[in-house]
Every structure is written in structure tokens, then in C-alpha cells.
file coords.cif (mmCIF, C-alpha atoms)
data_final
loop_
_atom_site.label_atom_id
_atom_site.label_comp_id
_atom_site.auth_asym_id
_atom_site.auth_seq_id
_atom_site.Cartn_x
_atom_site.Cartn_y
_atom_site.Cartn_z
CA MET X 5 -74.06 -18.28 85.58
CA SER X 6 -73.88 -22.05 84.97
CA MET X 7 -70.58 -23.95 85.10
CA PRO X 8 -69.60 -25.64 81.82
CA SER X 9 -69.83 -29.46 82.04
CA PRO X 10 -66.41 -31.15 82.21
CA ASP X 11 -65.04 -32.47 78.93
CA PRO X 12 -65.20 -36.31 79.07
CA LEU X 13 -62.13 -36.45 76.82
CA ALA X 14 -59.97 -34.45 79.21
CA ASP X 15 -58.78 -37.70 80.75
CA LEU X 16 -59.57 -40.71 78.61
CA PRO X 17 -60.79 -43.92 80.29
CA TRP X 18 -57.61 -45.85 79.59
CA PRO X 19 -58.13 -49.63 79.56
CA LYS X 20 -56.78 -51.57 82.53
CA PRO X 21 -53.93 -54.04 81.98
CA GLU X 22 -55.30 -57.50 81.17
CA ALA X 23 -54.19 -60.74 82.77
CA PRO X 24 -53.37 -63.63 80.43
CA SER X 25 -55.51 -66.77 80.60
CA GLU X 26 -55.01 -69.15 83.53
CA ALA X 27 -53.84 -71.95 81.22
CA VAL X 28 -51.10 -69.79 79.71
CA SER X 29 -50.06 -68.49 83.13
CA ALA X 30 -49.84 -72.03 84.50
CA LYS X 31 -47.77 -73.11 81.49
CA ILE X 32 -45.34 -70.19 81.85
CA CYS X 33 -44.97 -70.55 85.63
CA GLY X 34 -44.50 -74.30 85.26
CA ALA X 35 -41.82 -73.93 82.60
CA CYS X 36 -39.94 -71.13 84.37
CA THR X 37 -39.90 -72.69 87.82
CA LYS X 38 -39.24 -76.32 86.88
CA ASN X 39 -35.90 -77.42 88.39
CA LEU X 40 -35.14 -73.77 89.09
CA CYS X 41 -31.68 -73.21 90.46
CA ALA X 42 -29.56 -70.14 91.20
CA LYS X 43 -28.10 -68.79 87.98
CA ARG X 44 -26.26 -65.60 88.71
CA GLY X 45 -24.01 -64.13 86.05
CA MET X 46 -21.06 -61.85 86.58
CA SER X 47 -21.73 -58.42 88.08
CA ALA X 48 -21.44 -55.29 85.94
CA LEU X 49 -18.15 -54.46 87.68
CA GLY X 50 -16.83 -57.96 87.00
CA ARG X 51 -17.72 -57.72 83.31
CA LEU X 52 -16.15 -54.26 83.07
CA SER X 53 -12.94 -55.50 84.76
CA LEU X 54 -12.76 -58.50 82.43
CA CYS X 55 -12.97 -56.28 79.34
CA LEU X 56 -10.29 -53.94 80.66
CA ALA X 57 -8.09 -56.93 81.53
CA VAL X 58 -8.33 -58.22 77.93
CA SER X 59 -7.50 -54.75 76.63
CA GLY X 60 -4.53 -54.58 79.03
CA LEU X 61 -3.35 -57.99 77.89
CA VAL X 62 -3.44 -56.91 74.25
CA ALA X 63 -1.57 -53.69 75.13
CA SER X 64 1.07 -55.77 76.98
CA PHE X 65 1.52 -57.83 73.84
CA GLY X 66 2.03 -54.60 71.88
CA TYR X 67 4.64 -53.53 74.43
CA TRP X 68 6.42 -56.88 74.09
CA VAL X 69 6.48 -56.50 70.29
CA GLY X 70 7.88 -52.98 70.74
CA LEU X 71 10.66 -54.30 73.00
CA ARG X 72 11.50 -57.09 70.55
CA ASN X 73 11.71 -54.60 67.68
CA HIS X 74 14.03 -52.35 69.74
CA ARG X 75 11.65 -49.39 69.78
CA SER X 76 13.06 -46.32 71.51
CA GLU X 77 12.41 -46.04 75.24
CA LEU X 78 10.68 -42.69 74.75
CA GLY X 79 8.39 -44.14 72.08
CA LEU X 80 7.46 -47.09 74.29
CA ARG X 81 6.83 -44.83 77.27
CA LEU X 82 4.64 -42.43 75.29
CA GLY X 83 2.73 -45.38 73.84
CA LEU X 84 2.11 -46.76 77.33
CA TYR X 85 0.95 -43.40 78.69
CA GLY X 86 -1.47 -43.13 75.76
CA ALA X 87 -2.73 -46.68 76.38
CA VAL X 88 -3.36 -45.92 80.07
CA ALA X 89 -5.19 -42.65 79.28
CA TRP X 90 -7.36 -44.33 76.64
CA GLY X 91 -7.89 -47.24 79.03
CA LEU X 92 -9.67 -44.74 81.27
CA VAL X 93 -11.80 -43.64 78.32
CA GLN X 94 -12.58 -47.32 77.60
CA ALA X 95 -13.64 -47.79 81.24
CA ALA X 96 -15.88 -44.70 81.05
CA VAL X 97 -17.49 -45.91 77.79
CA LEU X 98 -18.13 -49.35 79.30
CA PHE X 99 -19.45 -47.84 82.53
CA ILE X 100 -21.87 -45.49 80.81
CA GLY X 101 -22.69 -47.59 77.77
CA PHE X 102 -23.24 -50.98 79.39
CA ALA X 103 -23.81 -50.87 83.15
CA PRO X 104 -27.48 -50.23 84.03
CA ARG X 105 -27.97 -46.58 84.86
CA ARG X 106 -31.01 -44.49 85.61
CA GLY X 107 -31.41 -40.81 84.84
CA LEU X 108 -29.29 -38.82 82.45
CA LEU X 109 -26.32 -41.23 82.35
CA GLY X 110 -28.61 -44.07 81.31
CA SER X 111 -30.25 -42.12 78.51
CA ARG X 112 -29.91 -43.00 74.87
CA ALA X 113 -28.78 -39.45 74.05
CA VAL X 114 -25.66 -39.84 76.23
CA ARG X 115 -24.78 -43.12 74.48
CA ILE X 116 -25.24 -41.51 71.06
CA ALA X 117 -23.05 -38.59 72.17
CA LEU X 118 -20.37 -41.10 73.28
CA ALA X 119 -20.57 -42.99 69.99
CA VAL X 120 -19.93 -39.74 68.11
CA LEU X 121 -17.46 -38.06 70.46
CA VAL X 122 -15.11 -40.99 71.14
CA PRO X 123 -13.97 -41.55 67.52
CA VAL X 124 -13.68 -37.80 66.95
CA LEU X 125 -11.51 -37.41 70.07
CA PHE X 126 -9.44 -40.44 69.12
CA LEU X 127 -8.74 -39.10 65.62
CA ALA X 128 -7.87 -35.72 67.18
CA TYR X 129 -5.47 -37.50 69.57
CA LEU X 130 -3.81 -39.31 66.64
CA SER X 131 -3.39 -35.97 64.83
CA TYR X 132 -1.77 -34.56 67.96
CA ALA X 133 0.51 -37.62 68.32
CA ALA X 134 1.72 -37.40 64.69
CA TRP X 135 5.24 -35.95 64.54
CA SER X 136 5.75 -35.98 60.80
CA TYR X 137 3.69 -35.51 57.69
CA VAL X 138 4.18 -36.64 54.09
CA PRO X 139 1.75 -35.87 51.26
CA PHE X 140 -0.80 -38.60 50.55
CA GLU X 141 0.77 -39.33 47.11
CA GLN X 142 4.04 -40.32 48.78
CA PHE X 143 2.32 -42.20 51.59
CA SER X 144 0.12 -44.29 49.29
CA HIS X 145 3.03 -45.99 47.47
CA GLY X 146 5.76 -48.45 48.34
CA ALA X 147 6.96 -49.41 51.80
CA ARG X 148 4.89 -46.78 53.65
CA ALA X 149 1.65 -48.13 52.21
CA SER X 150 2.49 -51.78 52.87
CA HIS X 151 3.53 -50.92 56.44
CA ALA X 152 0.20 -49.15 56.94
CA VAL X 153 -1.72 -52.15 55.60
CA LEU X 154 0.17 -54.52 57.91
CA CYS X 155 -0.33 -52.24 60.93
CA GLY X 156 -4.02 -51.82 60.08
CA LEU X 157 -4.58 -55.58 59.85
CA ILE X 158 -2.82 -56.23 63.17
CA ALA X 159 -4.76 -53.40 64.84
CA LEU X 160 -7.99 -54.83 63.39
CA GLY X 161 -7.13 -58.27 64.81
CA PHE X 162 -6.29 -56.86 68.26
CA GLY X 163 -9.38 -54.65 68.16
CA ALA X 164 -11.57 -57.62 67.22
CA ILE X 165 -10.23 -59.52 70.26
CA VAL X 166 -10.98 -56.63 72.63
CA GLY X 167 -14.35 -55.76 71.02
CA GLY X 168 -15.32 -59.45 70.91
CA SER X 169 -14.52 -59.80 74.61
CA VAL X 170 -16.78 -56.81 75.35
CA LEU X 171 -19.64 -58.30 73.32
CA LEU X 172 -19.23 -61.69 74.96
CA ALA X 173 -18.86 -60.30 78.49
CA TRP X 174 -22.06 -58.26 78.13
CA ARG X 175 -23.89 -60.82 76.01
CA GLY X 176 -27.67 -60.80 76.44
CA THR X 177 -27.64 -57.92 78.93
CA ASN X 178 -29.15 -55.14 76.85
CA PRO X 179 -32.46 -55.60 75.03
CA MET X 180 -33.02 -51.83 74.99
CA THR X 181 -30.19 -50.33 72.94
CA PRO X 182 -28.29 -53.36 71.59
CA ARG X 183 -27.13 -51.74 68.35
CA LEU X 184 -25.88 -48.61 70.07
CA SER X 185 -24.13 -50.60 72.78
CA GLY X 186 -22.70 -52.86 70.05
CA ALA X 187 -21.23 -49.79 68.36
CA LEU X 188 -19.71 -48.71 71.69
CA ALA X 189 -18.23 -52.21 72.10
CA GLY X 190 -16.65 -51.81 68.66
CA LEU X 191 -15.24 -48.41 69.65
CA VAL X 192 -13.75 -49.84 72.86
CA GLY X 193 -12.23 -52.66 70.79
CA GLY X 194 -10.92 -50.21 68.21
CA ILE X 195 -9.22 -48.10 70.87
CA GLY X 196 -7.71 -51.24 72.44
CA GLY X 197 -6.38 -52.50 69.10
CA ALA X 198 -5.07 -49.14 67.94
CA MET X 199 -3.29 -48.42 71.24
CA ALA X 200 -1.71 -51.90 71.36
CA VAL X 201 -0.32 -51.44 67.84
CA GLY X 202 0.61 -47.86 68.67
CA ILE X 203 2.96 -49.04 71.44
CA GLY X 204 4.83 -51.38 69.12
CA CYS X 205 4.69 -49.34 65.90
CA PRO X 206 7.61 -46.94 65.30
CA SER X 207 5.76 -44.75 62.76
CA HIS X 208 4.63 -41.27 63.78
CA GLU X 209 3.56 -40.23 60.31
CA ALA X 210 0.14 -38.55 60.21
CA TRP X 211 -1.41 -40.51 57.31
CA HIS X 212 -0.15 -43.76 58.81
CA LEU X 213 -1.78 -42.99 62.16
CA TRP X 214 -5.05 -41.81 60.61
CA THR X 215 -5.47 -44.80 58.30
CA ALA X 216 -3.76 -47.76 60.01
CA HIS X 217 -4.53 -46.82 63.62
CA GLY X 218 -7.54 -44.54 63.30
CA LEU X 219 -9.83 -46.05 60.68
CA ILE X 220 -10.16 -49.36 62.52
CA ILE X 221 -12.04 -47.66 65.34
CA LEU X 222 -14.69 -46.61 62.83
CA ALA X 223 -14.69 -50.03 61.12
CA LEU X 224 -15.10 -51.88 64.41
CA GLY X 225 -17.76 -49.39 65.58
CA LEU X 226 -19.81 -50.17 62.47
CA LEU X 227 -19.22 -53.91 62.89
CA GLY X 228 -20.36 -53.69 66.52
CA PHE X 229 -23.46 -51.80 65.42
CA GLY X 230 -24.23 -54.65 63.02
CA VAL X 231 -23.78 -57.56 65.42
CA GLY X 232 -24.95 -55.83 68.62
CA ARG X 233 -28.61 -56.65 68.06
CA ARG X 234 -27.85 -60.38 67.82
CA LEU X 235 -25.35 -60.59 70.68
CA LEU X 236 -26.43 -58.03 73.25
CA SER X 237 -30.18 -58.63 73.15
CA PRO X 238 -31.41 -61.71 75.09
CA MET M 19 -35.22 -94.15 107.60
CA THR M 20 -32.32 -92.10 106.42
CA SER M 21 -33.85 -91.53 103.01
CA TYR M 22 -37.15 -90.48 104.67
CA SER M 23 -35.46 -87.90 106.84
CA VAL M 24 -33.43 -86.66 103.89
CA SER M 25 -36.52 -86.17 101.74
CA ILE M 26 -38.77 -84.66 104.42
CA TRP M 27 -36.44 -81.99 105.79
CA PRO M 28 -36.12 -79.87 102.66
CA ALA M 29 -39.91 -79.94 102.30
CA LEU M 30 -40.45 -78.88 105.91
CA GLU M 31 -37.81 -76.23 105.59
CA ALA M 32 -39.38 -74.93 102.41
CA ALA M 33 -42.83 -74.85 104.02
CA SER M 34 -41.61 -72.87 107.00
CA LEU M 35 -39.61 -70.52 104.80
CA THR M 36 -42.57 -70.01 102.49
CA SER M 37 -44.83 -68.97 105.31
CA GLU M 38 -42.22 -66.50 106.47
CA ARG M 39 -41.28 -65.21 103.04
CA SER M 40 -44.73 -64.69 101.51
CA PRO M 41 -45.42 -61.32 103.10
CA SER M 42 -41.98 -60.04 102.23
CA LEU M 43 -42.37 -61.27 98.66
CA ALA M 44 -45.63 -59.37 98.38
CA GLU M 45 -43.94 -56.23 99.62
CA SER M 46 -40.84 -56.64 97.45
CA THR M 47 -40.26 -54.47 94.44
CA SER M 48 -40.14 -56.09 91.00
CA GLU M 49 -36.36 -55.64 91.02
CA GLN M 50 -36.04 -57.47 94.36
CA LEU M 51 -38.31 -60.26 93.08
CA MET M 52 -36.14 -60.59 89.99
CA GLU M 53 -33.04 -60.84 92.19
CA ARG M 54 -34.62 -63.62 94.24
CA TYR M 55 -35.77 -65.40 91.08
CA VAL M 56 -32.20 -65.26 89.75
CA ASP M 57 -31.12 -66.78 93.08
CA GLY M 58 -33.41 -69.75 92.35
CA GLU M 59 -36.54 -68.86 94.35
CA ALA M 60 -39.52 -70.22 92.39
CA GLU M 61 -42.09 -68.37 94.45
CA ALA M 62 -40.41 -65.05 93.65
CA PHE M 63 -40.94 -65.79 89.95
CA GLU M 64 -44.64 -66.39 90.52
CA PHE M 65 -44.97 -63.08 92.35
CA LEU M 66 -43.00 -61.33 89.63
CA TYR M 67 -45.11 -62.97 86.94
CA ARG M 68 -48.34 -61.91 88.64
CA ARG M 69 -47.05 -58.36 88.90
CA VAL M 70 -45.71 -57.82 85.36
CA SER M 71 -47.80 -60.14 83.18
CA PRO M 72 -50.95 -57.94 83.00
CA ASN M 73 -48.88 -54.97 81.82
CA LEU M 74 -47.00 -57.16 79.38
CA MET M 75 -50.18 -58.79 78.09
CA GLY M 76 -51.86 -55.39 77.62
CA TYR M 77 -48.86 -54.16 75.64
CA LEU M 78 -48.65 -57.30 73.47
CA LEU M 79 -52.43 -57.32 72.87
CA ARG M 80 -52.27 -53.80 71.49
CA LEU M 81 -49.20 -54.60 69.40
CA THR M 82 -50.62 -57.77 67.85
CA ARG M 83 -54.39 -56.98 68.06
CA ASN M 84 -54.85 -60.71 68.52
CA ARG M 85 -55.19 -62.52 71.86
CA GLU M 86 -53.70 -65.83 70.71
CA ARG M 87 -50.63 -64.20 69.20
CA ALA M 88 -50.23 -62.04 72.28
CA GLU M 89 -50.31 -65.11 74.53
CA ASP M 90 -47.82 -66.92 72.29
CA LEU M 91 -45.51 -63.90 72.47
CA LEU M 92 -45.95 -63.76 76.23
CA GLN M 93 -44.70 -67.34 76.47
CA ILE M 94 -41.78 -66.62 74.14
CA THR M 95 -40.90 -63.52 76.18
CA PHE M 96 -40.87 -65.37 79.50
CA SER M 97 -38.86 -68.24 78.06
CA LYS M 98 -36.27 -65.65 76.95
CA VAL M 99 -36.38 -64.00 80.38
CA HIS M 100 -35.85 -67.41 81.98
CA ARG M 101 -32.89 -68.26 79.76
CA ALA M 102 -31.33 -64.81 80.11
CA ARG M 103 -31.92 -64.38 83.85
CA ASP M 104 -28.20 -64.69 84.58
CA SER M 105 -27.52 -61.72 82.30
CA PHE M 106 -29.96 -59.47 84.14
CA LEU M 107 -27.77 -56.80 85.71
CA LYS M 108 -28.42 -55.88 89.31
CA GLY M 109 -29.99 -52.43 89.53
CA ALA M 110 -31.59 -52.48 86.07
CA PRO M 111 -35.36 -51.72 86.02
CA VAL M 112 -37.22 -55.02 85.44
CA LEU M 113 -40.42 -53.99 83.66
CA PRO M 114 -38.71 -52.00 80.85
CA TRP M 115 -36.19 -54.88 80.50
CA ILE M 116 -38.97 -57.45 80.02
CA LEU M 117 -41.03 -55.11 77.80
CA ALA M 118 -37.98 -54.55 75.57
CA ILE M 119 -37.54 -58.34 75.25
CA ALA M 120 -41.26 -58.65 74.40
CA ARG M 121 -40.97 -55.92 71.77
CA ARG M 122 -37.92 -57.59 70.18
CA SER M 123 -39.80 -60.91 70.14
CA PHE M 124 -42.78 -59.24 68.45
CA LEU M 125 -40.56 -57.59 65.80
CA ASP M 126 -38.72 -60.90 65.15
CA GLU M 127 -42.00 -62.77 64.85
CA ARG M 128 -43.44 -60.18 62.46
CA ARG M 129 -40.29 -60.22 60.33
CA SER M 130 -40.38 -64.00 60.00
CA ALA M 131 -44.13 -63.89 59.25
CA GLN M 132 -43.45 -61.47 56.40
CA VAL M 133 -41.15 -63.92 54.64
CA ARG M 134 -43.56 -66.84 55.09
CA THR M 135 -45.54 -67.73 51.95
CA GLU M 136 -49.15 -66.59 51.98
CA ASP M 137 -51.73 -69.39 52.15
CA LEU M 138 -54.31 -69.47 49.38
CA SER M 139 -57.99 -69.41 50.28
CA PRO M 140 -60.07 -72.55 49.40
CA ASP M 141 -61.07 -71.11 46.01
CA GLY M 142 -57.40 -70.67 45.09
CA SER M 143 -57.15 -66.88 45.40
CA LEU M 144 -54.91 -64.87 47.68
CA PRO M 145 -56.69 -63.63 50.81
CA GLU M 146 -57.64 -59.96 50.73
CA GLN M 147 -56.50 -57.65 53.45
CA GLN M 148 -59.33 -56.45 55.69
CA ASN M 149 -59.20 -52.70 55.62
CA GLU M 150 -62.78 -51.62 56.25
CA GLU M 151 -63.31 -48.95 58.90
CA ARG M 152 -65.28 -50.14 61.90
CA PRO M 153 -67.80 -47.60 63.27
CA LEU M 154 -67.02 -46.41 66.79
CA PRO M 155 -69.07 -48.13 69.53
CA ALA M 156 -71.41 -46.14 71.75
CA GLU M 157 -69.37 -46.61 74.94
CA LEU M 158 -66.39 -44.27 75.24
CA SER M 159 -64.12 -46.98 76.70
CA ASP M 160 -64.90 -49.35 73.78
CA ALA M 161 -64.51 -46.53 71.30
CA LEU M 162 -61.11 -45.73 72.80
CA GLU M 163 -59.94 -49.31 72.10
CA VAL M 164 -61.06 -49.00 68.45
CA ALA M 165 -59.47 -45.57 68.12
CA LEU M 166 -56.23 -46.90 69.64
CA ASP M 167 -56.24 -49.68 67.04
CA ARG M 168 -56.50 -47.09 64.27
CA LEU M 169 -53.45 -45.13 65.45
CA PRO M 170 -50.14 -45.56 63.61
CA GLU M 171 -48.04 -48.19 65.40
CA ASN M 172 -45.38 -45.84 66.77
CA TYR M 173 -48.00 -43.52 68.31
CA ARG M 174 -49.96 -46.46 69.69
CA GLU M 175 -46.88 -48.04 71.29
CA ALA M 176 -45.85 -44.78 72.94
CA ILE M 177 -49.37 -44.21 74.30
CA VAL M 178 -49.79 -47.81 75.52
CA LEU M 179 -46.45 -47.75 77.34
CA THR M 180 -46.98 -44.41 79.05
CA LYS M 181 -50.75 -44.31 79.63
CA ILE M 182 -51.71 -47.98 80.07
CA THR M 183 -48.53 -49.74 81.19
CA GLY M 184 -47.59 -46.80 83.38
CA LEU M 185 -43.95 -46.36 82.37
CA SER M 186 -42.25 -43.01 82.68
CA VAL M 187 -41.27 -41.25 79.45
CA ALA M 188 -37.62 -42.19 80.06
CA GLU M 189 -38.49 -45.87 80.57
CA ALA M 190 -40.76 -45.89 77.50
CA ALA M 191 -37.94 -44.30 75.50
CA SER M 192 -35.56 -47.08 76.58
CA VAL M 193 -38.07 -49.78 75.59
CA LEU M 194 -38.72 -48.18 72.20
CA GLY M 195 -35.06 -47.36 71.53
CA ALA M 196 -35.98 -43.72 70.98
CA THR M 197 -35.13 -40.44 72.64
CA GLU M 198 -37.39 -39.01 75.33
CA THR M 199 -38.29 -36.09 73.08
CA ALA M 200 -39.39 -38.48 70.34
CA VAL M 201 -41.60 -40.40 72.78
CA LYS M 202 -43.18 -37.19 74.11
CA LEU M 203 -43.88 -36.12 70.53
CA ARG M 204 -45.43 -39.48 69.64
CA VAL M 205 -47.64 -39.44 72.74
CA HIS M 206 -48.74 -35.88 72.01
CA ARG M 207 -49.53 -36.57 68.35
CA GLY M 208 -51.25 -39.85 69.18
CA TYR M 209 -53.32 -38.19 71.89
CA THR M 210 -54.33 -35.39 69.52
CA GLN M 211 -55.41 -37.97 66.94
CA LEU M 212 -57.35 -39.93 69.58
CA ARG M 213 -59.17 -36.81 70.72
CA LYS M 214 -60.06 -35.99 67.12
CA GLU M 215 -61.44 -39.52 66.55
CA LEU M 216 -63.41 -39.38 69.78
CA GLU M 217 -64.65 -35.84 69.32
CA GLN M 218 -68.32 -36.92 69.07
CA TYR M 219 -68.19 -38.26 72.66
CA SER M 220 -67.39 -34.85 74.09
CA ARG M 221 -70.47 -33.38 72.39
CA THR M 222 -72.93 -36.01 73.63
CA PRO M 223 -74.71 -34.88 76.83
#
call {"tool": "encode", "arguments": {"input": "coords.cif", "output": "C-alpha cells"}}
result
Amino acid sequence: MSMPSPDPLADLPWPKPEAPSEAVSAKICGACTKNLCAKRGMSALGRLSLCLAVSGLVASFGYWVGLRNHRSELGLRLGLYGAVAWGLVQAAVLFIGFAPRRGLLGSRAVRIALAVLVPVLFLAYLSYAAWSYVPFEQFSHGARASHAVLCGLIALGFGAIVGGSVLLAWRGTNPMTPRLSGALAGLVGGIGGAMAVGIGCPSHEAWHLWTAHGLIILALGLLGFGVGRRLLSP
Amino acid sequence: MTSYSVSIWPALEAASLTSERSPSLAESTSEQLMERYVDGEAEAFEFLYRRVSPNLMGYLLRLTRNRERAEDLLQITFSKVHRARDSFLKGAPVLPWILAIARRSFLDERRSAQVRTEDLSPDGSLPEQQNEERPLPAELSDALEVALDRLPENYREAIVLTKITGLSVAEAASVLGATETAVKLRVHRGYTQLRKELEQYSRTP
């Protein structure tokens, strides 16, 4: 019995990597080593700390506004607890979404899961934190609506500061998933802005929290997705 | 005298350091070379360049199908790497990082080429696109190059990154901005298509 001859296509003769021409190599090496000096940016931990510090600063401002507006001590305390808890979530998002990781934590699927889960959890938290509820028809008119617009704009401004600091701190670090990381930067900013306003805002009405405090996280997430490619990719 | 001693000592120091460092540079991983390049060591860049440029060139050649464009993109990629070296995060894998920059540069270049106005040929007509099918060469290795060219871009990229550049599926997925499952699927489909194109070579004795 004769053995069948091996199939030549079983393992294809893949081409070997090709070196560029000597002239091009000399040009590149010359340009990249001319007057070369040490140029070390901040470490991942440094960047992460900077972002959290900006978020903390914005939350402190929210606390100061709450004190000035004579918010109840209980309200201020609950707002601060919430800000600290969501600060931990912000740190986790930055740690997983931006610092270089290998294995499962560095995979795109985990970042996508974060981008979906974080806003859902935040909206669920706002629903839990709402103490009162009025029908949408009542909420959408008069003083309630104008208060929601004002709160939303302030939260958007605070969120833009926090999200912008994340994008700037991690600028040029991620050519692989810049849009996804940009969306995560927006989410971190949205949480920061919403929590800062939440400390100073006396309203615990469900529609107010969902629209003025909750929608900005989605808006900033989308904005981050849009600008991430330009800012996070070298 | 003073100026002479000032100018000669750094050179002597560099020479002695170079002779000591060369073996360790050769043994260093790409990540360690990148770290030393970021710290301002020119020789580390040259070692890094020698190590990653063939893979990068192979990838760009198969993306552009044109040597000149690939070499232009190689220069653009390394100029971006040079400018962004301070934003390279310690611990990140170097080759996928540089390949992702190369891919972005290719996509940017293609996008800007699409909006450029088309040049007319000397007789005043618009140039026709060359679509004719080339016959496969007799040698299997040459035929493989032609068959690779005929693959859809997303299959070709996945195959080039995993089979020629030698990245793992996870690394290729990070370069392509896709999930690992998607990359596996593209490699499988691309490989099936390649085998179909090259079927005649398995029948020849």
C-alpha cells in the first residue's frame, strides 16, 4: 500500500517579510535619531491620577455650590458618597480602557462591554436615587423644565472638563481602539459632570435625574466616540 | 584645551558604552528597545527599526500593492512613531502599536487620495481602472502572492498579520480594531479562498 503524497497546500509557502530599501532606511534612521533626546511622557498611573484629580476637583466645586445653596447635610453627604463610589468606577474604566493590558482585560470585547454597561448602570443608579416622581407632562413645563435645562447644561460643562482632561491626558496613546477609548473618556467625563451637579442639585425627581443628570453621559460618550480617533491616535 | 577635553569625553564615553551595550541591545526585546529609544538612545532605535521594519514593510506592501507607496507610508509611520514616542505607554506591545499607526496612516492616505481630482490621460480621457485577471504563475510561492492580491482587503489584512507578520490573533485583532472571533473568521475564509484559487497546485505532481 503506497502512502498518499503530502498536499503542498497544507501549509502554504508564506512570503518572508521584506526589508525596505537601504536609501529609505537611511533616511528614516537619520530623521528619527537626529538630535535625539529623552522624551518620556507621564506613566499610565500618572495619567490616571491626573484624570481622577480633575474629576475630584469638579466634584469639590459641586460640593461648594451645594454648601452655598444651603443644601441639606444629608443630601450633601449622599451626593459625596455617590461621587466617591462612581469615582471608583471611573478609575476602573480608565484602568481597563486606557492603560495597556494584555489578555482578556486588554481585549476589545471588554471595552465594548464597559461602554455598554457603564451608562446602563449609571441610569439604574439614578433611578434608585430618585425619591419622587411626577408625570412627564408636569415635568416638561415651567420651573421644573427650566431647572432641568440649567442642571443639564452645567453637568455638560463639568463633564466636558473631565472628559476633555481624559482625552488630553491620554492623547496619542491608543492607535488601536481610539474611538472606543474616546467613548469611554466621554463616559468618565459624563459621570464626573453628573456627580458634581448631583452633589449641588437639590432635586430628587426621577425625570430630572434621568434627563439633566443621566442623558449627558450618553451625549458625552457619543462626543468622545467622535473625537477619539483624532485625539487618541498618534 | 578645555574645549577639546569637553568635546572628546562624550565621544569616548559613547564609544565605550556602545561596545558594551551592543550585545545587550541585540538581546533586548522590541519593548525594551522602545523604552531605550524613548530614553534618547539612538542605537536602540536602529535596532528596533531593523527588527520591525521588514514586518511593517511586508504589511504595507500587501496593503498598497505598490513598493513606492509602501515606502512612503513606512516613512510617515516612523515619523509618527518618533513624534509620539513620549505617549508610548510602558508595557504596551510595540509591533501591534506601530502596525496600528501604519494602518491608520494607510487609511488616511487612501481617504485623501479619494477626494483628490483624477488626472486626465494625454488624450483627455479619464484613465480606466485595470481590472483584468492575471493568470497564476507556475511557482506556488509566486502564485500565492497573486492569490493574496485577489483576496478582499479584510481577509488579506487578517492573513498577512497572522501568517506573514507573525502576530497572535489577539494582537491582530487589536491592530485591525476587530474582535478575535472576527479575525479568526476572516483568516479562515481567506485561507479557504486561497486554497480554492491555488487548487491546481495540489494536483500537479
call {"tool": "interface_residues", "arguments": {"input": "coords.cif", "of": "chain M", "to": "chain X", "cutoff": "6 Å", "atoms": "only C-alpha atoms", "output": "short mmCIF file (atom, residue, chain, number, x, y, z; two decimals) with C-alpha atoms, in the frame of the given file"}}
result
data_model
loop_
_atom_site.label_atom_id
_atom_site.label_comp_id
_atom_site.auth_asym_id
_atom_site.auth_seq_id
_atom_site.Cartn_x
_atom_site.Cartn_y
_atom_site.Cartn_z
CA VAL M 56 -32.20 -65.26 89.75
CA ASP M 57 -31.12 -66.78 93.08
CA GLY M 58 -33.41 -69.75 92.35
CA ALA M 60 -39.52 -70.22 92.39
CA PRO M 72 -50.95 -57.94 83.00
CA ASN M 73 -48.88 -54.97 81.82
CA GLY M 76 -51.86 -55.39 77.62
CA ALA M 102 -31.33 -64.81 80.11
CA ASP M 104 -28.20 -64.69 84.58
CA SER M 105 -27.52 -61.72 82.30
CA PHE M 106 -29.96 -59.47 84.14
CA ALA M 110 -31.59 -52.48 86.07
CA ALA M 118 -37.98 -54.55 75.57
CA ILE M 119 -37.54 -58.34 75.25
CA SER M 159 -64.12 -46.98 76.70
CA SER M 192 -35.56 -47.08 76.58
CA VAL M 193 -38.07 -49.78 75.59
CA GLY M 195 -35.06 -47.36 71.53
CA SER M 220 -67.39 -34.85 74.09
#
call {"tool": "residues_around", "arguments": {"input": "coords.cif", "residues": "Phe140 (chain X)", "least_positions_apart": "2", "cutoff": "10 Å", "atoms": "only C-alpha atoms", "output": "JSON, numbers by chain"}}
result
{"X": [137, 138, 142, 143, 144, 145, 149, 210, 211, 212]}
call {"tool": "resolve_selection", "arguments": {"input": "coords.cif", "expression": "the PyMOL selection byres ((chain X and resi 60) around 9)", "output": "PDB file with C-alpha atoms, in the frame of the given file"}}
result
ATOM      1  CA  CYS X  55     -12.970 -56.280  79.340  1.00  0.00           C
ATOM      2  CA  LEU X  56     -10.290 -53.940  80.660  1.00  0.00           C
ATOM      3  CA  ALA X  57      -8.090 -56.930  81.530  1.00  0.00           C
ATOM      4  CA  VAL X  58      -8.330 -58.220  77.930  1.00  0.00           C
ATOM      5  CA  SER X  59      -7.500 -54.750  76.630  1.00  0.00           C
ATOM      6  CA  LEU X  61      -3.350 -57.990  77.890  1.00  0.00           C
ATOM      7  CA  VAL X  62      -3.440 -56.910  74.250  1.00  0.00           C
ATOM      8  CA  ALA X  63      -1.570 -53.690  75.130  1.00  0.00           C
ATOM      9  CA  SER X  64       1.070 -55.770  76.980  1.00  0.00           C
ATOM     10  CA  PHE X  65       1.520 -57.830  73.840  1.00  0.00           C
ATOM     11  CA  ALA X  87      -2.730 -46.680  76.380  1.00  0.00           C
ATOM     12  CA  VAL X  88      -3.360 -45.920  80.070  1.00  0.00           C
ATOM     13  CA  GLY X  91      -7.890 -47.240  79.030  1.00  0.00           C
ATOM     14  CA  GLY X 196      -7.710 -51.240  72.440  1.00  0.00           C
ATOM     15  CA  ALA X 200      -1.710 -51.900  71.360  1.00  0.00           C
TER      16      ALA X 200
END
call {"tool": "resolve_selection", "arguments": {"input": "coords.cif", "expression": "the PyMOL selection byres ((chain M and resi 210) around 12)", "output": "list in words"}}
result
Leu13, Ala14 and Leu16 of chain X; Ala165, Leu166, Leu169, Tyr173, Arg174, Ile177, Leu203, Arg204, Val205, His206, Arg207, Gly208, Tyr209, Gln211, Leu212, Arg213, Lys214, Glu215, Leu216 and Glu217 of chain M
call {"tool": "axis_aligned_box", "arguments": {"input": "coords.cif", "around": "region 63-82 of chain M", "padding_each_side": "4 Å", "output": "AutoDock Vina command-line options"}}
result
--center_x -46.7 --center_y -60.1 --center_z 80.1 --size_x 19.5 --size_y 20.6 --size_z 32.5
call {"tool": "atom_distance", "arguments": {"input": "coords.cif", "atom1": "CA of Thr183 (chain M)", "atom2": "CA of Arg121 (chain M)"}}
result
13.6 Å
call {"tool": "resolve_selection", "arguments": {"input": "coords.cif", "expression": "the PyMOL selection byres ((chain M and resi 186) around 12)", "output": "VMD selection string"}}
result
(chain X and resid 106 to 107) or (chain M and resid 111 113 to 114 176 to 185 187 to 193 198 201 to 202 205)
call {"tool": "closest_residue", "arguments": {"input": "coords.cif", "among": "X:His217, X:Arg75, X:Arg148, X:Arg234", "to": "Pro123 (chain X)", "atoms": "only C-alpha atoms"}}
result
X:His217
call {"tool": "residues_around", "arguments": {"input": "coords.cif", "residues": "region 219-232 of chain X", "least_positions_apart": "6", "cutoff": "7 Å", "atoms": "only C-alpha atoms", "output": "list in words"}}
result
Pro123, Leu160, Pro182, Arg183, Leu184, Ser185, Gly186, Ala187, Leu188, Ala189, Gly190, Leu191, Gly194 and Ile195 of chain X
